[in-house]
$ cat upload_14.cif   # mmCIF, C-alpha atoms
data_structure
loop_
_atom_site.group_PDB
_atom_site.id
_atom_site.type_symbol
_atom_site.label_atom_id
_atom_site.label_comp_id
_atom_site.auth_asym_id
_atom_site.auth_seq_id
_atom_site.Cartn_x
_atom_site.Cartn_y
_atom_site.Cartn_z
ATOM 1 C CA MET F 1422 -16.518 224.234 131.079
ATOM 2 C CA LYS F 1423 -20.109 223.601 130.033
ATOM 3 C CA LYS F 1424 -21.249 222.105 126.747
ATOM 4 C CA ILE F 1425 -24.539 220.801 125.386
ATOM 5 C CA ILE F 1426 -24.045 217.785 123.123
ATOM 6 C CA ASN F 1427 -27.002 215.967 121.539
ATOM 7 C CA GLY F 1428 -29.375 217.734 123.920
ATOM 8 C CA LYS F 1429 -27.449 216.733 127.078
ATOM 9 C CA MET F 1430 -25.541 219.057 129.423
ATOM 10 C CA TYR F 1431 -21.923 218.273 130.266
ATOM 11 C CA ASN F 1432 -20.491 220.471 133.032
ATOM 12 C CA THR F 1433 -17.055 220.037 134.612
ATOM 13 C CA GLU F 1434 -18.178 222.100 137.629
ATOM 14 C CA THR F 1435 -21.030 219.765 138.630
ATOM 15 C CA ALA F 1436 -19.705 216.370 137.445
ATOM 16 C CA CYS F 1437 -17.398 214.233 139.575
ATOM 17 C CA LEU F 1438 -13.723 214.223 138.563
ATOM 18 C CA MET F 1439 -12.675 210.569 138.377
ATOM 19 C CA GLY F 1440 -9.076 210.934 137.193
ATOM 20 C CA GLU F 1441 -6.690 213.007 135.173
ATOM 21 C CA ARG F 1442 -3.464 212.813 133.234
ATOM 22 C CA SER F 1443 -1.020 215.093 131.456
ATOM 23 C CA ASN F 1444 1.725 214.325 128.953
ATOM 24 C CA CYS F 1445 4.178 216.525 130.913
ATOM 25 C CA TYR F 1446 5.246 218.732 128.031
ATOM 26 C CA GLY F 1447 5.643 222.387 128.939
ATOM 27 C CA PRO F 1448 2.603 224.656 128.486
ATOM 28 C CA SER F 1449 4.222 226.421 125.526
ATOM 29 C CA ASP F 1450 4.800 223.118 123.657
ATOM 30 C CA PHE F 1451 2.308 222.508 120.828
ATOM 31 C CA ARG F 1452 2.110 218.852 121.980
ATOM 32 C CA CYS F 1453 1.133 219.729 125.566
ATOM 33 C CA CYS F 1454 -2.086 217.929 126.465
ATOM 34 C CA SER F 1455 -4.128 217.148 129.572
ATOM 35 C CA GLU F 1456 -7.273 215.061 129.995
ATOM 36 C CA GLN F 1457 -9.757 214.667 132.813
ATOM 37 C CA LEU F 1458 -12.339 211.906 133.148
ATOM 38 C CA TYR F 1459 -15.677 212.971 134.637
ATOM 39 C CA GLN F 1460 -18.839 211.137 135.606
ATOM 40 C CA LYS F 1461 -22.208 212.860 135.647
ATOM 41 C CA ARG F 1462 -24.898 212.272 138.272
ATOM 42 C CA THR F 1463 -26.636 210.173 135.605
ATOM 43 C CA LYS F 1464 -23.531 207.885 135.632
ATOM 44 C CA GLU F 1465 -22.547 208.936 132.091
ATOM 45 C CA PHE F 1466 -18.846 209.526 131.452
ATOM 46 C CA PHE F 1467 -17.156 212.302 129.523
ATOM 47 C CA MET F 1468 -13.658 213.581 128.877
ATOM 48 C CA TYR F 1469 -12.555 217.159 129.202
ATOM 49 C CA GLY F 1470 -9.337 217.734 127.335
ATOM 50 C CA SER F 1471 -7.150 220.677 126.503
ATOM 51 C CA GLY F 1472 -4.007 220.983 124.499
ATOM 52 C CA GLY F 1473 -1.765 222.723 122.066
ATOM 53 C CA ALA F 1474 -1.894 223.058 118.302
ATOM 54 C CA MET F 1475 -0.608 219.519 117.661
ATOM 55 C CA THR F 1476 -3.174 217.729 119.847
ATOM 56 C CA ARG F 1477 -6.670 216.389 119.244
ATOM 57 C CA TYR F 1478 -7.986 219.363 121.257
ATOM 58 C CA ALA F 1479 -6.525 222.047 118.974
ATOM 59 C CA GLU F 1480 -8.813 224.744 117.619
ATOM 60 C CA TYR F 1481 -8.542 225.808 113.980
ATOM 61 C CA VAL F 1482 -8.238 229.570 113.435
ATOM 62 C CA GLU F 1483 -8.940 230.614 109.858
ATOM 63 C CA GLY F 1484 -5.890 232.171 108.265
ATOM 64 C CA CYS F 1485 -3.653 231.276 111.200
ATOM 65 C CA GLY F 1486 -3.750 227.478 111.465
ATOM 66 C CA SER F 1487 -4.246 225.688 114.765
ATOM 67 C CA THR F 1488 -3.921 226.929 118.322
ATOM 68 C CA TYR F 1489 -4.614 225.801 121.892
ATOM 69 C CA GLY F 1490 -8.091 224.375 122.382
ATOM 70 C CA GLU F 1491 -10.350 222.513 124.753
ATOM 71 C CA LYS F 1492 -13.199 220.053 124.238
ATOM 72 C CA ILE F 1493 -15.734 217.931 126.059
ATOM 73 C CA ILE F 1494 -16.211 214.477 124.557
ATOM 74 C CA PRO F 1495 -18.946 212.088 125.781
ATOM 75 C CA ILE F 1496 -17.634 208.516 126.096
ATOM 76 C CA THR F 1497 -19.107 205.120 126.914
ATOM 77 C CA GLU F 1498 -18.361 203.198 130.094
ATOM 78 C CA ASP F 1499 -16.191 200.794 128.078
ATOM 79 C CA GLU F 1500 -14.185 203.716 126.679
ATOM 80 C CA ALA F 1501 -13.825 205.118 130.212
ATOM 81 C CA LYS F 1502 -12.536 201.735 131.417
ATOM 82 C CA GLU F 1503 -9.978 201.609 128.596
ATOM 83 C CA TRP F 1504 -8.772 205.125 129.451
ATOM 84 C CA VAL F 1505 -8.513 204.330 133.172
ATOM 85 C CA GLU F 1506 -6.638 201.076 132.436
ATOM 86 C CA LYS F 1507 -4.167 203.000 130.263
ATOM 87 C CA TYR F 1508 -3.548 206.083 132.407
ATOM 88 C CA LEU F 1509 -4.535 205.447 136.041
ATOM 89 C CA THR F 1510 -3.557 202.947 138.740
ATOM 90 C CA VAL F 1511 -5.216 199.646 139.629
ATOM 91 C CA ASP F 1512 -6.495 201.173 142.878
ATOM 92 C CA GLU F 1513 -8.072 204.061 140.980
ATOM 93 C CA TYR F 1514 -9.727 201.597 138.561
ATOM 94 C CA ILE F 1515 -11.213 199.647 141.487
ATOM 95 C CA LYS F 1516 -12.427 202.855 143.145
ATOM 96 C CA ILE F 1517 -14.272 203.875 139.954
ATOM 97 C CA PHE F 1518 -15.527 200.548 138.577
ATOM 98 C CA GLY F 1519 -15.158 198.058 141.441
ATOM 99 C CA GLU F 1520 -13.268 194.781 141.518
ATOM 100 C CA CYS F 1521 -12.814 192.834 138.299
ATOM 101 C CA GLU F 1522 -12.039 189.196 137.512
ATOM 102 C CA GLU F 1523 -8.493 187.901 137.969
#
$ encode --input "upload_14.cif" --output "structure tokens"
Amino acid sequence: MKKIINGKMYNTETACLMGERSNCYGPSDFRCCSEQLYQKRTKEFFMYGSGGAMTRYAEYVEGCGSTYGEKIIPITEDEAKEWVEKYLTVDEYIKIFGECEE
């Protein structure tokens, strides 16, 4: 997916995939959601997410309500660290951000 946000290009095909997670609901479940953390060559982070009608990635369809959707969301390094801490392993955190204080 490609998206221009505030004059900057975000492209899942050229950015480096740093980690991903899914909530493990079936694909037909409205709560089904997956997220991928990417880092651009410029070191900026962004999320690519997709999900059903009851997720933050849902698309509104006039006259029909919400349906499956996908989005790219630029995030700060601190937000990326919070996401990695929550969803990935310690080893994956170290691989992305390096060692941290004990």
$ residues_near_point --input "upload_14.cif" --point "(-24.1, 217.2, 133.6)" --cutoff "10 Å" --atoms "all atoms listed in the file" --output "mmCIF file with C-alpha atoms, in the frame of the given file"
data_model
loop_
_atom_site.group_PDB
_atom_site.id
_atom_site.type_symbol
_atom_site.label_atom_id
_atom_site.label_comp_id
_atom_site.auth_asym_id
_atom_site.auth_seq_id
_atom_site.Cartn_x
_atom_site.Cartn_y
_atom_site.Cartn_z
ATOM 1 C CA LYS F 1423 -20.109 223.601 130.033
ATOM 2 C CA LYS F 1424 -21.249 222.105 126.747
ATOM 3 C CA ILE F 1425 -24.539 220.801 125.386
ATOM 4 C CA LYS F 1429 -27.449 216.733 127.078
ATOM 5 C CA MET F 1430 -25.541 219.057 129.423
ATOM 6 C CA TYR F 1431 -21.923 218.273 130.266
ATOM 7 C CA ASN F 1432 -20.491 220.471 133.032
ATOM 8 C CA THR F 1433 -17.055 220.037 134.612
ATOM 9 C CA GLU F 1434 -18.178 222.100 137.629
ATOM 10 C CA THR F 1435 -21.030 219.765 138.630
ATOM 11 C CA ALA F 1436 -19.705 216.370 137.445
ATOM 12 C CA CYS F 1437 -17.398 214.233 139.575
ATOM 13 C CA TYR F 1459 -15.677 212.971 134.637
ATOM 14 C CA GLN F 1460 -18.839 211.137 135.606
ATOM 15 C CA LYS F 1461 -22.208 212.860 135.647
ATOM 16 C CA ARG F 1462 -24.898 212.272 138.272
ATOM 17 C CA THR F 1463 -26.636 210.173 135.605
ATOM 18 C CA LYS F 1464 -23.531 207.885 135.632
ATOM 19 C CA GLU F 1465 -22.547 208.936 132.091
ATOM 20 C CA PHE F 1466 -18.846 209.526 131.452
ATOM 21 C CA PHE F 1467 -17.156 212.302 129.523
#
$ resolve_selection --input "upload_14.cif" --expression "the PyMOL selection byres ((chain F and resi 1470) around 8)" --output "ChimeraX atom specification"
/F:1454-1457,1468-1469,1471-1472,1478,1491-1493
$ resolve_selection --input "upload_14.cif" --expression "the PyMOL selection byres ((chain F and resi 1476) around 9)" --output "compact mmCIF listing (two decimals) with C-alpha atoms, in the frame of the given file"
# COMPACT_ATOMS: atom_id res chain seq x y z
CA PHE F 1451 2.31 222.51 120.83
CA ARG F 1452 2.11 218.85 121.98
CA CYS F 1453 1.13 219.73 125.57
CA CYS F 1454 -2.09 217.93 126.46
CA SER F 1471 -7.15 220.68 126.50
CA GLY F 1472 -4.01 220.98 124.50
CA GLY F 1473 -1.76 222.72 122.07
CA ALA F 1474 -1.89 223.06 118.30
CA MET F 1475 -0.61 219.52 117.66
CA ARG F 1477 -6.67 216.39 119.24
CA TYR F 1478 -7.99 219.36 121.26
CA ALA F 1479 -6.52 222.05 118.97
CA TYR F 1489 -4.61 225.80 121.89
CA GLY F 1490 -8.09 224.38 122.38
$ closest_residue --input "upload_14.cif" --among "F:Gly1484, F:Pro1495, F:Gly1440, F:Pro1448" --to "Thr1510 (chain F)" --atoms "only C-alpha atoms"
F:Gly1440
$ closest_residue --input "upload_14.cif" --among "F:Cys1445, F:Leu1458, F:Ile1426, F:Cys1521" --to "Glu1498 (chain F)" --atoms "only C-alpha atoms"
F:Leu1458
$ atom_distance --input "upload_14.cif" --atom1 "CA of Arg1442 (chain F)" --atom2 "CA of Leu1509 (chain F)"
8.0 Å
$ build_atoms --input "upload_14.cif" --residues "region 1448-1459 of chain F" --atoms "N, CA and C atoms" --output "CSV table (one decimal), in the frame of the given file"
chain,number,residue,atom,x,y,z
F,1448,PRO,N,3.8,224.0,129.0
F,1448,PRO,CA,2.6,224.7,128.5
F,1448,PRO,C,2.8,225.4,127.2
F,1449,SER,N,4.0,225.7,126.8
F,1449,SER,CA,4.2,226.4,125.5
F,1449,SER,C,4.5,225.4,124.4
F,1450,ASP,N,4.6,224.1,124.7
F,1450,ASP,CA,4.8,223.1,123.7
F,1450,ASP,C,3.5,222.8,122.9
F,1451,PHE,N,3.5,222.8,121.6
F,1451,PHE,CA,2.3,222.5,120.8
F,1451,PHE,C,1.7,221.1,121.1
F,1452,ARG,N,2.6,220.2,121.7
F,1452,ARG,CA,2.1,218.9,122.0
F,1452,ARG,C,1.6,218.7,123.4
F,1453,CYS,N,1.6,219.8,124.2
F,1453,CYS,CA,1.1,219.7,125.6
F,1453,CYS,C,-0.4,219.4,125.6
F,1454,CYS,N,-0.7,218.4,126.4
F,1454,CYS,CA,-2.1,217.9,126.5
F,1454,CYS,C,-2.4,217.4,127.9
F,1455,SER,N,-3.6,217.7,128.3
F,1455,SER,CA,-4.1,217.1,129.6
F,1455,SER,C,-5.6,216.7,129.4
F,1456,GLU,N,-5.9,215.6,130.1
F,1456,GLU,CA,-7.3,215.1,130.0
F,1456,GLU,C,-7.8,214.8,131.4
F,1457,GLN,N,-9.1,215.0,131.6
F,1457,GLN,CA,-9.8,214.7,132.8
F,1457,GLN,C,-11.0,213.8,132.5
F,1458,LEU,N,-11.2,212.8,133.3
F,1458,LEU,CA,-12.3,211.9,133.1
F,1458,LEU,C,-13.4,212.3,134.2
F,1459,TYR,N,-14.6,212.6,133.7
F,1459,TYR,CA,-15.7,213.0,134.6
F,1459,TYR,C,-16.8,212.0,134.5
